[in-house]
Amino acid sequence: MNMIENKVVIITGASSGIGEATAKLLASKGAKVVLGARRESQLKQLAREISDVGGQAVYQVVDVTRQADNESIVALAKEAFGKVDVIFLNAGVMPNSPLSAMKTNDWHDMVDVNIKGVLNGVGAVLPTFIGQKSGQVIATSSVAGLKAYPGGAVYGGTKWFVRDFMEVLRMESAMEGTNIRATTVYPAAINTELLQAIRHDQTSEAMRGVYEKYGISPDRVANVIAFAIDQPEDTVINEFTVGPTSQPW
């Protein structure tokens, strides 16, 4: 039985990478996808591609650091499709550097997108999920949310936050009987646009070397997201760590 068909799924960070791949896969399985990101041209193109092959998609420009934008995309989902079943909080940035490089603007960008973006998304959808006593929140953390590494202090810190926040969401929902499924994904080297934000030359070179050697397609993560959604409503898969078979760490 296909548990994805007819579900309404909001995806942030949908304009490329994991978000884009997930939107296409879920739409092909009958989900109605609501696409959010900052780049309107990419969203428009993605929605068109989904529609051209018979899928259902709407989009809206969303800056996840703005609470009002998150609330607006939840409202769009209800207006277009009548409900919300899943929100996939996938927007993220990774401008890594050593702390000694003092790229404090990058630090704040990571906190704003990677932490506040998750808080804003959950804050926007949680009243709906509590009211209907069902729903699923999926968030993209990182292997950096499981294991520390030099150059990733702030990025890793934001992803550790996601790990803890999502686990508490799961626990509180179970205690309160609201039946909200909380799933956290920890990708390793996945070939997306994340590396483009790194402005520290040595860090960028090192990271690119890792991804060129080990990186795999974001389609692989999309498969995992679909699997998590496709479980019966009484079953939650809390966590996935997903990455290249050949990556040793």
# chains A, B, ... in the order shown; residues from 1 in each chain; ligands from 1

call {"tool": "residues_around", "arguments": {"residues": "segment 101-108 of chain A", "least_positions_apart": "3", "cutoff": "9 Å", "atoms": "only C-alpha atoms", "output": "list in words"}}
result
Met94, Pro95, Asn96, Ser97, Pro98, Val111, Asp112, Val113, Val154, Tyr155, Arg199 and His200 of chain A

call {"tool": "select_by_dssp", "arguments": {"residues": "segment 47-244 of chain A", "states": "strand (DSSP E)", "output": "JSON, numbers by chain"}}
result
{"A": [56, 57, 58, 59, 60, 61, 86, 87, 88, 89, 135, 136, 137, 138, 139, 140, 180, 181, 182, 183, 184, 185, 186, 187, 239, 240, 241, 242]}

call {"tool": "write_last_selection", "arguments": {"atoms": "C-alpha atoms", "output": "PDB file, in the first residue's frame"}}
result
ATOM      1  CA  GLN A  56       0.909  18.191  -8.410  1.00  0.00           C
ATOM      2  CA  ALA A  57       3.057  21.041  -7.124  1.00  0.00           C
ATOM      3  CA  VAL A  58       2.737  24.629  -5.997  1.00  0.00           C
ATOM      4  CA  TYR A  59       5.509  26.919  -4.853  1.00  0.00           C
ATOM      5  CA  GLN A  60       6.210  30.045  -2.882  1.00  0.00           C
ATOM      6  CA  VAL A  61       9.355  32.067  -2.217  1.00  0.00           C
ATOM      7  CA  VAL A  86       4.283  16.406   6.273  1.00  0.00           C
ATOM      8  CA  ILE A  87       6.805  19.223   6.512  1.00  0.00           C
ATOM      9  CA  PHE A  88      10.374  18.507   5.397  1.00  0.00           C
ATOM     10  CA  LEU A  89      12.663  21.145   6.921  1.00  0.00           C
ATOM     11  CA  GLY A 135       1.502  14.880  11.013  1.00  0.00           C
ATOM     12  CA  GLN A 136       5.161  14.307  10.303  1.00  0.00           C
ATOM     13  CA  VAL A 137       8.131  16.622  10.745  1.00  0.00           C
ATOM     14  CA  ILE A 138      11.292  15.616   8.891  1.00  0.00           C
ATOM     15  CA  ALA A 139      14.475  17.636   9.369  1.00  0.00           C
ATOM     16  CA  THR A 140      17.853  17.500   7.674  1.00  0.00           C
ATOM     17  CA  ILE A 180       3.371  13.618  15.418  1.00  0.00           C
ATOM     18  CA  ARG A 181       6.099  11.594  13.766  1.00  0.00           C
ATOM     19  CA  ALA A 182       9.556  13.204  14.006  1.00  0.00           C
ATOM     20  CA  THR A 183      12.300  12.006  11.670  1.00  0.00           C
ATOM     21  CA  THR A 184      15.865  13.318  11.487  1.00  0.00           C
ATOM     22  CA  VAL A 185      18.197  12.610   8.576  1.00  0.00           C
ATOM     23  CA  TYR A 186      21.985  12.774   8.860  1.00  0.00           C
ATOM     24  CA  PRO A 187      23.506  12.969   5.365  1.00  0.00           C
ATOM     25  CA  GLU A 239      16.727   8.704  12.543  1.00  0.00           C
ATOM     26  CA  PHE A 240      18.607   7.841   9.361  1.00  0.00           C
ATOM     27  CA  THR A 241      22.318   8.226   8.725  1.00  0.00           C
ATOM     28  CA  VAL A 242      22.896   8.070   4.969  1.00  0.00           C
TER      29      VAL A 242
END

call {"tool": "closest_residue", "arguments": {"among": "A:Asp85, A:Asp63, A:Asp219, A:Glu193", "to": "Val118 of chain A", "atoms": "only C-alpha atoms"}}
result
A:Asp63

call {"tool": "residues_around", "arguments": {"residues": "segment 73-76 of chain A", "least_positions_apart": "2", "cutoff": "7 Å", "atoms": "only C-alpha atoms", "output": "list in words"}}
result
Gln60, Asp69, Asn70, Glu71, Lys78, Glu79, Ala80, Ala124 and Val125 of chain A

call {"tool": "write_last_selection", "arguments": {"atoms": "N, CA and C atoms", "output": "CSV table (one decimal), in the first residue's frame"}}
result
chain,number,residue,atom,x,y,z
A,60,GLN,N,6.2,28.7,-3.5
A,60,GLN,CA,6.2,30.0,-2.9
A,60,GLN,C,7.6,30.4,-2.5
A,69,ASP,N,7.1,34.0,6.7
A,69,ASP,CA,7.2,33.2,5.4
A,69,ASP,C,6.9,31.7,5.7
A,70,ASN,N,7.3,31.2,6.8
A,70,ASN,CA,6.9,29.8,7.2
A,70,ASN,C,5.4,29.6,7.4
A,71,GLU,N,4.8,30.6,8.0
A,71,GLU,CA,3.4,30.5,8.2
A,71,GLU,C,2.7,30.7,6.9
A,78,LYS,N,-2.6,24.6,2.7
A,78,LYS,CA,-4.0,24.4,3.0
A,78,LYS,C,-4.9,25.0,1.9
A,79,GLU,N,-4.6,26.1,1.4
A,79,GLU,CA,-5.4,26.8,0.3
A,79,GLU,C,-5.4,25.9,-0.9
A,80,ALA,N,-4.2,25.4,-1.3
A,80,ALA,CA,-4.1,24.7,-2.6
A,80,ALA,C,-4.6,23.3,-2.5
A,124,ALA,N,5.3,27.1,12.7
A,124,ALA,CA,4.3,27.4,11.8
A,124,ALA,C,3.3,26.2,11.6
A,125,VAL,N,3.8,25.0,11.7
A,125,VAL,CA,3.0,23.8,11.4
A,125,VAL,C,2.4,23.1,12.6

call {"tool": "residues_around", "arguments": {"residues": "segment 5-18 of chain A", "least_positions_apart": "4", "cutoff": "9 Å", "atoms": "only C-alpha atoms", "output": "CSV table (one decimal) with N, CA, C and O atoms, in the first residue's frame"}}
result
chain,number,residue,atom,x,y,z
A,22,THR,N,13.8,15.2,-3.6
A,22,THR,CA,12.7,14.6,-2.8
A,22,THR,C,11.4,15.1,-3.4
A,22,THR,O,10.4,14.2,-3.4
A,23,ALA,N,11.3,16.3,-3.8
A,23,ALA,CA,10.0,16.8,-4.4
A,23,ALA,C,9.7,16.0,-5.6
A,23,ALA,O,8.5,15.5,-5.8
A,26,LEU,N,8.7,12.3,-4.5
A,26,LEU,CA,7.4,12.2,-3.8
A,26,LEU,C,6.2,12.5,-4.7
A,26,LEU,O,5.2,11.8,-4.7
A,27,ALA,N,6.4,13.5,-5.6
A,27,ALA,CA,5.3,13.8,-6.6
A,27,ALA,C,5.1,12.6,-7.5
A,27,ALA,O,3.9,12.3,-7.9
A,29,LYS,N,5.2,9.6,-6.7
A,29,LYS,CA,4.5,8.6,-5.9
A,29,LYS,C,3.1,9.1,-5.5
A,29,LYS,O,2.4,8.4,-4.7
A,30,GLY,N,2.7,10.2,-6.0
A,30,GLY,CA,1.3,10.7,-5.8
A,30,GLY,C,1.2,11.7,-4.7
A,30,GLY,O,0.0,12.2,-4.4
A,31,ALA,N,2.3,12.2,-4.1
A,31,ALA,CA,2.2,13.3,-3.1
A,31,ALA,C,1.9,14.6,-3.8
A,31,ALA,O,2.2,14.8,-5.0
A,32,LYS,N,1.3,15.5,-3.0
A,32,LYS,CA,1.1,16.9,-3.5
A,32,LYS,C,2.1,17.7,-2.8
A,32,LYS,O,2.1,17.9,-1.6
A,33,VAL,N,3.0,18.3,-3.5
A,33,VAL,CA,4.2,18.9,-2.9
A,33,VAL,C,4.1,20.4,-3.0
A,33,VAL,O,3.6,21.0,-4.0
A,34,VAL,N,4.5,21.1,-1.9
A,34,VAL,CA,4.5,22.5,-1.7
A,34,VAL,C,5.9,23.0,-1.5
A,34,VAL,O,6.5,22.6,-0.5
A,35,LEU,N,6.4,23.7,-2.5
A,35,LEU,CA,7.8,23.9,-2.6
A,35,LEU,C,8.2,25.3,-2.1
A,35,LEU,O,7.6,26.3,-2.5
A,36,GLY,N,9.2,25.4,-1.2
A,36,GLY,CA,9.6,26.7,-0.7
A,36,GLY,C,11.1,26.8,-0.7
A,36,GLY,O,11.9,25.9,-0.4
A,37,ALA,N,11.6,28.0,-1.1
A,37,ALA,CA,13.0,28.3,-1.2
A,37,ALA,C,13.1,29.8,-1.5
A,37,ALA,O,12.1,30.5,-1.7
A,38,ARG,N,14.3,30.3,-1.5
A,38,ARG,CA,14.5,31.7,-1.8
A,38,ARG,C,14.6,32.1,-3.3
A,38,ARG,O,14.4,33.2,-3.7
A,39,ARG,N,14.9,31.1,-4.1
A,39,ARG,CA,15.1,31.3,-5.5
A,39,ARG,C,13.9,31.0,-6.4
A,39,ARG,O,13.6,29.8,-6.6
A,40,GLU,N,13.1,32.0,-6.8
A,40,GLU,CA,11.9,31.8,-7.4
A,40,GLU,C,12.0,31.1,-8.8
A,40,GLU,O,11.2,30.3,-9.1
A,41,SER,N,13.0,31.4,-9.5
A,41,SER,CA,13.1,30.9,-10.9
A,41,SER,C,13.3,29.3,-10.8
A,41,SER,O,12.7,28.6,-11.6
A,42,GLN,N,14.1,28.9,-9.8
A,42,GLN,CA,14.3,27.4,-9.7
A,42,GLN,C,13.0,26.7,-9.2
A,42,GLN,O,12.7,25.6,-9.7
A,43,LEU,N,12.3,27.4,-8.3
A,43,LEU,CA,11.0,26.8,-7.8
A,43,LEU,C,10.0,26.7,-9.0
A,43,LEU,O,9.3,25.7,-9.1
A,44,LYS,N,9.9,27.8,-9.8
A,44,LYS,CA,9.0,27.8,-10.9
A,44,LYS,C,9.3,26.6,-11.9
A,44,LYS,O,8.4,25.9,-12.3
A,45,GLN,N,10.6,26.5,-12.2
A,45,GLN,CA,11.0,25.4,-13.1
A,45,GLN,C,10.7,24.0,-12.5
A,45,GLN,O,10.2,23.2,-13.2
A,46,LEU,N,11.0,23.8,-11.2
A,46,LEU,CA,10.8,22.5,-10.6
A,46,LEU,C,9.3,22.2,-10.6
A,46,LEU,O,8.9,21.1,-10.9
A,62,VAL,N,10.3,31.5,-0.1
A,62,VAL,CA,10.3,31.4,1.4
A,62,VAL,C,11.7,31.6,1.9
A,62,VAL,O,12.7,31.0,1.4
A,63,ASP,N,11.9,32.6,2.8
A,63,ASP,CA,13.1,32.7,3.6
A,63,ASP,C,12.8,32.1,4.9
A,63,ASP,O,12.0,32.7,5.7
A,64,VAL,N,13.4,31.0,5.2
A,64,VAL,CA,13.1,30.2,6.5
A,64,VAL,C,13.4,31.0,7.7
A,64,VAL,O,12.9,30.7,8.8
A,73,ILE,N,3.7,29.6,3.9
A,73,ILE,CA,3.7,28.4,3.1
A,73,ILE,C,2.8,27.3,3.7
A,73,ILE,O,2.2,26.5,2.9
A,74,VAL,N,2.6,27.3,5.0
A,74,VAL,CA,1.6,26.4,5.5
A,74,VAL,C,0.2,26.8,5.1
A,74,VAL,O,-0.6,25.9,4.7
A,77,ALA,N,-0.3,25.6,1.5
A,77,ALA,CA,-0.6,24.2,1.4
A,77,ALA,C,-2.1,23.9,1.7
A,77,ALA,O,-2.7,23.2,0.9
A,78,LYS,N,-2.6,24.6,2.7
A,78,LYS,CA,-4.0,24.4,3.0
A,78,LYS,C,-4.9,25.0,1.9
A,78,LYS,O,-6.0,24.4,1.6
A,81,PHE,N,-4.3,22.6,-1.3
A,81,PHE,CA,-4.6,21.2,-1.2
A,81,PHE,C,-5.5,20.8,0.0
A,81,PHE,O,-5.8,19.6,0.1
A,82,GLY,N,-5.8,21.7,0.8
A,82,GLY,CA,-6.8,21.5,1.9
A,82,GLY,C,-6.3,21.0,3.2
A,82,GLY,O,-7.0,20.8,4.1
A,83,LYS,N,-5.0,20.7,3.2
A,83,LYS,CA,-4.4,20.1,4.5
A,83,LYS,C,-2.9,20.1,4.4
A,83,LYS,O,-2.3,20.5,3.4
A,84,VAL,N,-2.3,19.7,5.5
A,84,VAL,CA,-0.8,19.5,5.6
A,84,VAL,C,-0.6,18.2,6.3
A,84,VAL,O,-1.1,18.0,7.4
A,85,ASP,N,0.2,17.3,5.7
A,85,ASP,CA,0.5,16.0,6.3
A,85,ASP,C,2.0,15.9,6.8
A,85,ASP,O,2.2,15.3,7.8
A,86,VAL,N,2.8,16.5,6.0
A,86,VAL,CA,4.3,16.4,6.3
A,86,VAL,C,4.9,17.7,6.0
A,86,VAL,O,4.6,18.4,5.0
A,87,ILE,N,5.9,18.1,6.8
A,87,ILE,CA,6.8,19.2,6.5
A,87,ILE,C,8.2,18.7,6.6
A,87,ILE,O,8.6,18.1,7.5
A,88,PHE,N,9.0,18.9,5.5
A,88,PHE,CA,10.4,18.5,5.4
A,88,PHE,C,11.2,19.8,5.5
A,88,PHE,O,11.3,20.6,4.6
A,89,LEU,N,11.9,20.0,6.6
A,89,LEU,CA,12.7,21.1,6.9
A,89,LEU,C,14.1,20.9,6.5
A,89,LEU,O,14.9,20.3,7.2
A,90,ASN,N,14.3,21.2,5.2
A,90,ASN,CA,15.6,20.8,4.6
A,90,ASN,C,16.5,22.0,4.3
A,90,ASN,O,17.7,21.8,3.9
A,91,ALA,N,16.1,23.2,4.4
A,91,ALA,CA,16.9,24.4,4.1
A,91,ALA,C,18.1,24.4,5.0
A,91,ALA,O,18.0,24.2,6.2
A,92,GLY,N,19.3,24.7,4.5
A,92,GLY,CA,20.5,24.7,5.3
A,92,GLY,C,21.7,25.3,4.6
A,92,GLY,O,21.7,25.4,3.3
A,121,GLY,N,9.8,26.7,11.1
A,121,GLY,CA,9.0,25.8,10.4
A,121,GLY,C,8.1,25.0,11.3
A,121,GLY,O,6.9,24.8,11.1
A,190,ILE,N,27.0,14.3,0.3
A,190,ILE,CA,26.0,14.3,-0.8
A,190,ILE,C,26.2,15.4,-1.7
A,190,ILE,O,26.4,16.6,-1.2
A,191,ASN,N,26.2,15.2,-3.0
A,191,ASN,CA,26.6,16.2,-3.9
A,191,ASN,C,25.5,17.3,-4.1
A,191,ASN,O,24.6,17.1,-4.9
A,192,THR,N,25.5,18.3,-3.4
A,192,THR,CA,24.6,19.4,-3.4
A,192,THR,C,25.3,20.7,-3.6
A,192,THR,O,26.5,20.8,-3.8
A,193,GLU,N,24.6,21.9,-3.4
A,193,GLU,CA,25.3,23.2,-3.5
A,193,GLU,C,25.9,23.7,-2.2
A,193,GLU,O,26.4,24.8,-2.1
A,194,LEU,N,25.9,22.9,-1.2
A,194,LEU,CA,26.4,23.3,0.1
A,194,LEU,C,27.8,23.9,0.1
A,194,LEU,O,28.1,24.9,0.7
A,217,SER,N,24.7,11.0,-5.1
A,217,SER,CA,23.6,11.9,-5.6
A,217,SER,C,22.6,12.1,-4.5
A,217,SER,O,22.3,11.3,-3.6
A,218,PRO,N,22.0,13.3,-4.5
A,218,PRO,CA,20.9,13.6,-3.5
A,218,PRO,C,19.7,12.7,-3.7
A,218,PRO,O,18.9,12.6,-2.8
A,219,ASP,N,19.6,12.0,-4.8
A,219,ASP,CA,18.5,11.0,-5.0
A,219,ASP,C,18.5,10.0,-3.9
A,219,ASP,O,17.5,9.4,-3.5
A,220,ARG,N,19.7,9.7,-3.5
A,220,ARG,CA,19.9,8.6,-2.4
A,220,ARG,C,19.2,9.0,-1.1
A,220,ARG,O,18.6,8.2,-0.4
A,221,VAL,N,19.3,10.3,-0.8
A,221,VAL,CA,18.6,10.8,0.4
A,221,VAL,C,17.1,10.9,0.2
A,221,VAL,O,16.3,10.6,1.1
A,222,ALA,N,16.7,11.3,-1.0
A,222,ALA,CA,15.3,11.3,-1.3
A,222,ALA,C,14.6,10.0,-1.1
A,222,ALA,O,13.5,9.9,-0.6
A,230,ASP,N,6.5,6.7,4.0
A,230,ASP,CA,5.7,5.6,3.5
A,230,ASP,C,5.4,4.6,4.6
A,230,ASP,O,4.9,3.5,4.3

call {"tool": "residues_around", "arguments": {"residues": "Glu176 of chain A", "least_positions_apart": "5", "cutoff": "10 Å", "atoms": "only C-alpha atoms", "output": "count of residues only"}}
result
3

call {"tool": "select_by_dssp", "arguments": {"residues": "segment 26-155 of chain A", "states": "alpha helix (DSSP H)", "output": "ChimeraX atom specification"}}
result
/A:26-28,40-52,67-81,104-110,117-132,153-155

call {"tool": "closest_residue", "arguments": {"among": "A:Asn114, A:Thr245, A:Gln231, A:Asn238", "to": "Ile4 of chain A", "atoms": "only C-alpha atoms"}}
result
A:Gln231

call {"tool": "residues_around", "arguments": {"residues": "Thr178 of chain A", "least_positions_apart": "6", "cutoff": "12 Å", "atoms": "only C-alpha atoms", "output": "number ranges by chain"}}
result
A: 126-136, 169-172, 233-234

call {"tool": "write_last_selection", "arguments": {"atoms": "C-alpha atoms", "output": "CSV table (one decimal), in the first residue's frame"}}
result
chain,number,residue,atom,x,y,z
A,126,LEU,CA,2.7,22.6,15.0
A,127,PRO,CA,-0.7,24.1,15.8
A,128,THR,CA,-2.1,22.3,12.7
A,129,PHE,CA,-0.5,19.0,13.6
A,130,ILE,CA,-1.6,19.2,17.2
A,131,GLY,CA,-5.2,20.1,16.2
A,132,GLN,CA,-5.5,17.2,13.8
A,133,LYS,CA,-3.5,14.8,16.1
A,134,SER,CA,-1.4,13.7,13.2
A,135,GLY,CA,1.5,14.9,11.0
A,136,GLN,CA,5.2,14.3,10.3
A,169,LEU,CA,9.6,16.8,19.6
A,170,ARG,CA,9.1,13.1,19.2
A,171,MET,CA,9.1,12.4,22.9
A,172,GLU,CA,6.7,15.2,23.8
A,233,GLU,CA,0.8,6.2,10.8
A,234,ASP,CA,1.5,4.2,14.0

call {"tool": "atom_distance", "arguments": {"atom1": "atom CA of Ala174 of chain A", "atom2": "atom CA of Phe161 of chain A"}}
result
20.1 Å

call {"tool": "residues_around", "arguments": {"residues": "Ser246 of chain A", "least_positions_apart": "4", "cutoff": "12 Å", "atoms": "only C-alpha atoms", "output": "JSON, numbers by chain"}}
result
{"A": [188, 189, 210, 211, 213, 214, 215, 216, 242]}

call {"tool": "atom_distance", "arguments": {"atom1": "atom CA of Gln196 of chain A", "atom2": "atom CA of Asp109 of chain A"}}
result
14.3 Å

call {"tool": "closest_residue", "arguments": {"among": "A:Pro244, A:Gly177, A:Gly145, A:Gly117", "to": "Gly157 of chain A", "atoms": "only C-alpha atoms"}}
result
A:Gly145

call {"tool": "atom_distance", "arguments": {"atom1": "atom CA of Val122 of chain A", "atom2": "atom CA of Ser141 of chain A"}}
result
14.6 Å

call {"tool": "closest_residue", "arguments": {"among": "A:Ile50, A:Ile198, A:Ala21, A:Ala68", "to": "Ala226 of chain A", "atoms": "only C-alpha atoms"}}
result
A:Ala21
